[in-house]
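For reference, the structure discussed in these notes is given below.
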Number of protein chains: 2
Amino acid sequence: MRTQLSSALDGRITREMRIVARQEHADAGDVMERVGKGVLVIPSNGLKPPRRVVGIGRGLRTKVNANIGTSPDSADLSLERRKLRAALDAGTDTVMDLSIGGDIRKIRRSIMSVCPAPLGTVPIYQATVHAASEGKGIVSMDADAIFNAIEEHAMDGVDFMTVHCGVTTRSLNELKKTGRVMGIVSRGGSFLATWMLHNRRENPLYEQYDRLLGIARRYDITLSLGDGLRPGCLADANDRAQLAETRILGQLAARARQAGVQVMIEGPGHVPMHKIRENIRWQKRVCDGAPYYVLGPLVTDVVPGHDHITGAIGGAIAAWHGADFLCYVTPSEHLSLPTPGDVRQGVIASRIAAHAADIAKGLEGAEKWDEQLSRHRFDRDWKRQISMSMDPAKAKRIRKKSRPGAEDVCTMCGEYCAIKQVEGLFRKRKRALGGL
Amino acid sequence: MRTQLSSALDGRITREMRIVARQEHADAGDVMERVGKGVLVIPSNGLKPPRRVVGIGRGLRTKVNANIGTSPDSADLSLERRKLRAALDAGTDTVMDLSIGGDIRKIRRSIMSVCPAPLGTVPIYQATVHAASEGKGIVSMDADAIFNAIEEHAMDGVDFMTVHCGVTTRSLNELKKTGRVMGIVSRGGSFLATWMLHNRRENPLYEQYDRLLGIARRYDITLSLGDGLRPGCLADANDRAQLAETRILGQLAARARQAGVQVMIEGPGHVPMHKIRENIRWQKRVCDGAPYYVLGPLVTDVVPGHDHITGAIGGAIAAWHGADFLCYVTPSEHLSLPTPGDVRQGVIASRIAAHAADIAKGLEGAEKWDEQLSRHRFDRDWKRQISMSMDPAKAKRIRKKSRPGAEDVCTMCGEYCAIKQVEGLFRKRKRALGGL
């Protein structure tokens, strides 16, 4: 079948490219060209009725992903649907279902049936959990089980999937040399490393990469090349293992493009602020500008309970310097599966980072939102100021709880509102300030 | 009397300098030298029993301030004491009482009597509110009323105070030329601009600056030269008015140092990420390296309800590039006076920014905290990991609410915990990874 990428290479503008162009005030021909170069992806399963169209990559608004999904300790479908609702309400662009508990396929299909946003998964989770549940342990899983899971996810209609193809004998050798504090913190990475070291075999996702590309091509799945060796703490950031894996992912990205398969690259994780830019530049260089999908990054390790904030700081800096897609982090990261409330906070924090970055990198029109809201703020038009804010529900709640004596101010300053105080000077600016 | 600064210039190391040196693993002589140069201040009222000693400036840990205080719509002393408690519990370095409602002096004295941290105020608030309450309006206030308030605050034992000396005829002229979206958003700035324009007179705090220095010198008050013209939205960031005011503050800072008075410079406010570094560099250049005390800065205008996060992003970048002191922003900024819960969130968000910046700028020892916590995380030593985190109470609460089946993991991955999965490989690293 035609994929977004093969269409682009043939000079055909698809329906999805047209929609992305309209959403982002871009030219459809430009979008096509960027898809063709592999610097922009439109994750959209080619064999399923289309979901909402979302473009990710060069020249576009920075996008946000929310992870939901069960775990062995918490496998409740209705809770997952509430988390999905929270993520969508908060304005996430895409959703990933990372379920590893309960009936994984049933949960995925249920989420998919009500999710209007592009949906991603990590098929190896299902393969691994299945192997483990049969009592044989992860190491007994065979390559076919992995590829069968991948095909099943593709058939079910997944738009993009994480595949940890860069956890290879070579990158694990680098890991061995680096002497990390946190080892491997990627779930998929840890499954594969365990399997490889036990069986003394190469990663099937690397060894049989063409087989993977074949499936991806058949369904037009966008591959998200996972960073199984991403650093799990500041001390491990940008180390040899991480860079070696990214280099491998860059080579695999090139092969994917040749096969007409769209591809993004996943990135860390935990990175101190001063190392974020070099991480992004490295990725962009060795992956020929492939869209970069980062988790956070978290700029300090010491704040479990508030990692949506550490992730917002890192995500803002990362996106400013070229990361295209921010995976959210919730307040319960490192501590527990998130609640719907955590999901909401995580999405908002990442959206703040994404928008701040779009302004900083000069994305056309990004700052207009701020200017318009500020004009309403200056007018003390509370209704408009709140309704056009990023999270009107929360802003409304705070204002409602603390009513000022005068309707046109807030309880912070009351009648001493600075804006109100000097408003006359600015409304009749010429006369008033002219008197100086 | 001797001030910290005059002592430094005489080559005398004070008790406070010694404490700062010990806290920050610095040499006391170096601290003295930096105080002498005006690049480090130790706000500590010379005539009051000493509170906790906190140094702010070059080479030191980035510090965090929490604003509390009443407004006309919410003047409840017991609430303010709870906000103080929340700020201290969350680990603020200093506190400012910005009260403008109720019996301002009584509130200040009550807060001061129980606050172990250095305390700052903005005396012009009291002078203005007093004038307004007499029914004559702000514009009828005379210069003596302002200076009397300043002296009263100094006598009461305040350690540092904001004085908006840079709102001058000249800087207001620049403001007139710039055509701002948000006008003046500083409370003190708006009072003074109103007064000046109505009375067609220069700002008394500028005109009689030596009188101000005389009081500051007598009590060894650290002056925080306020940015009455700080931008209130991204569109106004780094504009001529802001830069003109900072230049004036730089000249006043030099005069303060000559008078033996410690001084910091206040900064914005609302600044997009890509303009933060240039703002900091400008301040450092025109103010000869004086400590820079920024409010946020907020990197987008559109998220009322979550401005602690927009402030954490901006604060982290600002401190990384040289801001020394971060004034917190709470979730209720732009909407209402904060609650104790908001205060707590604001302090934590600013502390995250400060710590992330200390790591990024290479402050010695800053990253050790992260490495140590990560080692406990790798060991899945939940007790130690949580107890040494920045907000143990919240981390504990999240973990407690969501108990895993196995005690050594969390409910995010349960038995599929990546760290646990591969732990054997890293514990017996040589053998396991050696087999590759």
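In the structure tokens, chains take letters A, B, ... by order of appearance, with residues numbered from 1 within each chain and ligands from 1 in the order shown.
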
(Q) Would you pick out the contacts of range 165-169 of chain B at 10 Å or less, using only C-alpha atoms, so that residues sharing its chain but fewer than 5 positions from it are not included, and give the list as JSON, numbers by chain? (A) {"A": [433, 436], "B": [174, 175, 188, 189, 190, 192, 193, 196, 197, 200, 201, 202, 203, 204, 205, 206, 207, 208, 209, 212, 224, 225, 226, 227, 228, 229, 241, 242, 244, 245, 246, 247, 248, 249, 250, 251, 252]}

**Q.** Residue set, range 140-241 of chain B restricted to strand (DSSP E), as an MDAnalysis selection string
**A.** chainID B and resid 160:163 222:225

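Taking only C-alpha atoms into account, chain A lies nearest to B:Val347 out of the set B:Ala216, B:Met155, B:Leu119, B:Val347.
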
Q: Give me, please, the distance in Å between CA of Gly260 in chain A and CA of Pro43 in chain A, quoted to one decimal.
A: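 Result for CA of Gly260 in chain A versus CA of Pro43 in chain A: 13.1 Å, one decimal.
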
Q | Test item, alpha helix (DSSP H) assignment across range 236-272 of chain B, answer as a PyMOL selection string | A | chain B and resi 240-258

Q) What's the 10 Å shell around range 95-106 of chain A, counting only C-alpha atoms, without same-chain residues fewer than 3 positions away, as an NGL selection string? A) (:A and (64-77 or 80 or 84 or 87-88 or 92 or 109-112 or 115-130 or 149 or 152-153 or 156 or 158-162 or 327)) or (:B and (412-416))

Q: Give as a ChimeraX atom specification every residue of chain A that touches chain B within 6 Å, counting only C-alpha atoms.
A: /A:71-73,182,185,187,190,273-274,299-305,313,335-337,356,360,370,378,389-390,394-395,399,404,410-414,418-419,422

Would you mind exporting C-alpha atoms of the selected residues as a PDB file, in the first residue's frame?
```pdb
ATOM      1  CA  SER A  71       0.026  -2.385  35.432  1.00  0.00           C
ATOM      2  CA  PRO A  72      -0.065  -5.723  37.256  1.00  0.00           C
ATOM      3  CA  ASP A  73      -0.979  -3.819  40.413  1.00  0.00           C
ATOM      4  CA  MET A 182      20.948   3.700  37.196  1.00  0.00           C
ATOM      5  CA  VAL A 185      15.298   2.209  33.269  1.00  0.00           C
ATOM      6  CA  ARG A 187      10.853  -1.210  30.515  1.00  0.00           C
ATOM      7  CA  SER A 190      15.198  -4.044  30.270  1.00  0.00           C
ATOM      8  CA  MET A 273      19.691  21.653  31.614  1.00  0.00           C
ATOM      9  CA  HIS A 274      23.133  22.421  30.268  1.00  0.00           C
ATOM     10  CA  VAL A 299      16.368  18.306  34.904  1.00  0.00           C
ATOM     11  CA  THR A 300      16.829  16.983  38.425  1.00  0.00           C
ATOM     12  CA  ASP A 301      16.311  13.579  40.050  1.00  0.00           C
ATOM     13  CA  VAL A 302      15.346  14.738  43.504  1.00  0.00           C
ATOM     14  CA  VAL A 303      11.692  15.730  43.270  1.00  0.00           C
ATOM     15  CA  PRO A 304       9.450  12.649  43.114  1.00  0.00           C
ATOM     16  CA  GLY A 305       5.909  13.984  43.547  1.00  0.00           C
ATOM     17  CA  ILE A 313      11.528  22.692  32.557  1.00  0.00           C
ATOM     18  CA  LEU A 335       6.172   6.514  42.678  1.00  0.00           C
ATOM     19  CA  SER A 336       3.021   4.977  41.222  1.00  0.00           C
ATOM     20  CA  LEU A 337       0.747   4.631  38.240  1.00  0.00           C
ATOM     21  CA  ALA A 356       6.775  28.250  25.744  1.00  0.00           C
ATOM     22  CA  ALA A 360      11.094  30.783  21.954  1.00  0.00           C
ATOM     23  CA  ASP A 370      -0.227  35.386  24.802  1.00  0.00           C
ATOM     24  CA  PHE A 378      -5.119  44.528  30.874  1.00  0.00           C
ATOM     25  CA  SER A 389      -6.439  30.378  28.959  1.00  0.00           C
ATOM     26  CA  MET A 390      -4.877  26.930  28.662  1.00  0.00           C
ATOM     27  CA  LYS A 394      -8.768  25.536  36.986  1.00  0.00           C
ATOM     28  CA  ALA A 395      -8.476  29.295  36.539  1.00  0.00           C
ATOM     29  CA  ARG A 399     -11.184  32.840  40.980  1.00  0.00           C
ATOM     30  CA  PRO A 404     -12.927  40.177  45.380  1.00  0.00           C
ATOM     31  CA  CYS A 410      -8.768  40.010  42.033  1.00  0.00           C
ATOM     32  CA  THR A 411      -8.108  39.357  45.700  1.00  0.00           C
ATOM     33  CA  MET A 412      -4.347  39.612  45.348  1.00  0.00           C
ATOM     34  CA  CYS A 413      -4.367  43.411  45.331  1.00  0.00           C
ATOM     35  CA  GLY A 414      -8.064  44.269  45.541  1.00  0.00           C
ATOM     36  CA  ALA A 418      -1.738  48.039  39.652  1.00  0.00           C
ATOM     37  CA  ILE A 419      -3.401  47.679  36.284  1.00  0.00           C
ATOM     38  CA  VAL A 422      -2.667  53.286  36.124  1.00  0.00           C
TER      39      VAL A 422
END
```

Q. Which residues come within 9 Å of Leu243 in chain A, counting only C-alpha atoms, excluding same-chain residues fewer than 6 positions away, as a ChimeraX atom specification?
A. /A:171,279,282-283

Output file for the selection above: N, CA and C atoms, as a compact mmCIF listing (two decimals), in the first residue's frame:
```
# COMPACT_ATOMS: atom_id res chain seq x y z
N SER A 171 25.46 -1.71 21.57
CA SER A 171 25.14 -0.66 22.54
C SER A 171 25.21 -1.18 23.97
N ASN A 279 22.37 17.24 23.51
CA ASN A 279 21.67 15.98 23.26
C ASN A 279 20.79 16.08 22.01
N TRP A 282 22.90 16.36 18.79
CA TRP A 282 23.47 15.05 18.48
C TRP A 282 22.41 14.20 17.77
N GLN A 283 21.23 14.16 18.36
CA GLN A 283 20.17 13.35 17.76
C GLN A 283 19.86 13.85 16.35
```

**Q.** 6 Å contact set for Arg344 in chain B, only C-alpha atoms, chain neighbours under 2 positions out, as a list of chain:residue names
**A.**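 Counting only the stated atoms, we get B:Ala86, B:Ala87, B:Ala90, B:Gly341, B:Asp342, B:Gly346, B:Val347.
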
Keeping only C-alpha atoms, write those residues as an mmCIF file, in the first residue's frame.
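What ended up in out-v2.cif:
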```
data_model
loop_
_atom_site.group_PDB
_atom_site.id
_atom_site.type_symbol
_atom_site.label_atom_id
_atom_site.label_comp_id
_atom_site.auth_asym_id
_atom_site.auth_seq_id
_atom_site.Cartn_x
_atom_site.Cartn_y
_atom_site.Cartn_z
ATOM 1 C CA ALA B 86 3.713 26.556 54.621
ATOM 2 C CA ALA B 87 6.498 28.602 53.022
ATOM 3 C CA ALA B 90 8.456 23.887 51.928
ATOM 4 C CA GLY B 341 -1.432 25.136 49.720
ATOM 5 C CA ASP B 342 -0.597 27.486 46.845
ATOM 6 C CA GLY B 346 5.026 27.876 44.706
ATOM 7 C CA VAL B 347 8.025 27.352 46.967
#
```

Q) Using only C-alpha atoms, which residues sit within 9 Å of range 7-10 of chain B once same-chain residues fewer than 3 positions away are excluded, as a list of chain:residue names? A)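 Non-adjacent residues within range: B:Arg2, B:Thr3, B:Gln4, B:Ile13, B:Thr14, B:Val31, B:Met32, B:Glu33, B:Arg34, B:Val35, B:Gly36, B:Lys37, B:Gly260.
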
Emit the selected residues as a short mmCIF file (atom, residue, chain, number, x, y, z; two decimals), in the first residue's frame, including N, CA, C and O atoms.
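again-v3.cif was written with the following content:
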```
data_model
loop_
_atom_site.label_atom_id
_atom_site.label_comp_id
_atom_site.auth_asym_id
_atom_site.auth_seq_id
_atom_site.Cartn_x
_atom_site.Cartn_y
_atom_site.Cartn_z
N ARG B 2 28.65 49.85 61.64
CA ARG B 2 29.26 49.03 60.60
C ARG B 2 28.17 48.25 59.89
O ARG B 2 27.29 47.69 60.53
N THR B 3 28.25 48.17 58.59
CA THR B 3 27.34 47.30 57.84
C THR B 3 28.16 46.12 57.32
O THR B 3 29.39 46.12 57.41
N GLN B 4 27.44 45.14 56.80
CA GLN B 4 28.17 44.02 56.18
C GLN B 4 29.13 44.55 55.13
O GLN B 4 30.29 44.11 55.04
N ILE B 13 35.93 40.20 58.46
CA ILE B 13 34.98 39.11 58.21
C ILE B 13 33.97 39.08 59.36
O ILE B 13 34.34 38.93 60.51
N THR B 14 32.69 39.27 59.02
CA THR B 14 31.66 39.29 60.07
C THR B 14 31.21 37.87 60.40
O THR B 14 31.50 36.92 59.66
N VAL B 31 34.00 35.17 50.60
CA VAL B 31 32.66 35.73 50.82
C VAL B 31 32.79 37.22 51.13
O VAL B 31 32.08 38.06 50.56
N MET B 32 33.72 37.54 52.00
CA MET B 32 33.94 38.95 52.35
C MET B 32 34.27 39.78 51.11
O MET B 32 33.72 40.86 50.90
N GLU B 33 35.13 39.24 50.30
CA GLU B 33 35.53 39.96 49.09
C GLU B 33 34.33 40.21 48.17
O GLU B 33 34.17 41.30 47.61
N ARG B 34 33.49 39.18 48.04
CA ARG B 34 32.32 39.33 47.17
C ARG B 34 31.32 40.33 47.74
O ARG B 34 30.69 41.09 47.01
N VAL B 35 31.17 40.32 49.08
CA VAL B 35 30.30 41.34 49.69
C VAL B 35 30.87 42.72 49.39
O VAL B 35 30.14 43.65 49.02
N GLY B 36 32.17 42.85 49.50
CA GLY B 36 32.83 44.13 49.25
C GLY B 36 32.63 44.62 47.83
O GLY B 36 32.46 45.82 47.57
N LYS B 37 32.60 43.69 46.90
CA LYS B 37 32.40 44.06 45.49
C LYS B 37 30.93 44.31 45.16
O LYS B 37 30.59 44.76 44.08
N GLY B 260 28.02 52.22 51.59
CA GLY B 260 28.12 51.07 52.50
C GLY B 260 26.81 50.32 52.65
O GLY B 260 26.58 49.64 53.65
#
```

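Distance annotation: of B:Leu60, B:Cys287, B:Leu213, B:Ile276, the residue with the minimal separation from Ala354 in chain B is B:Leu60; atom set is only C-alpha atoms.
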
Q.
Ranking B:Ala131, B:Met141, B:Val263, B:Ala253 by minimum distance to Ser44 in chain B and counting only C-alpha atoms, which one comes first?
A.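 The shortest atom-to-atom distance to Ser44 in chain B comes from B:Val263.
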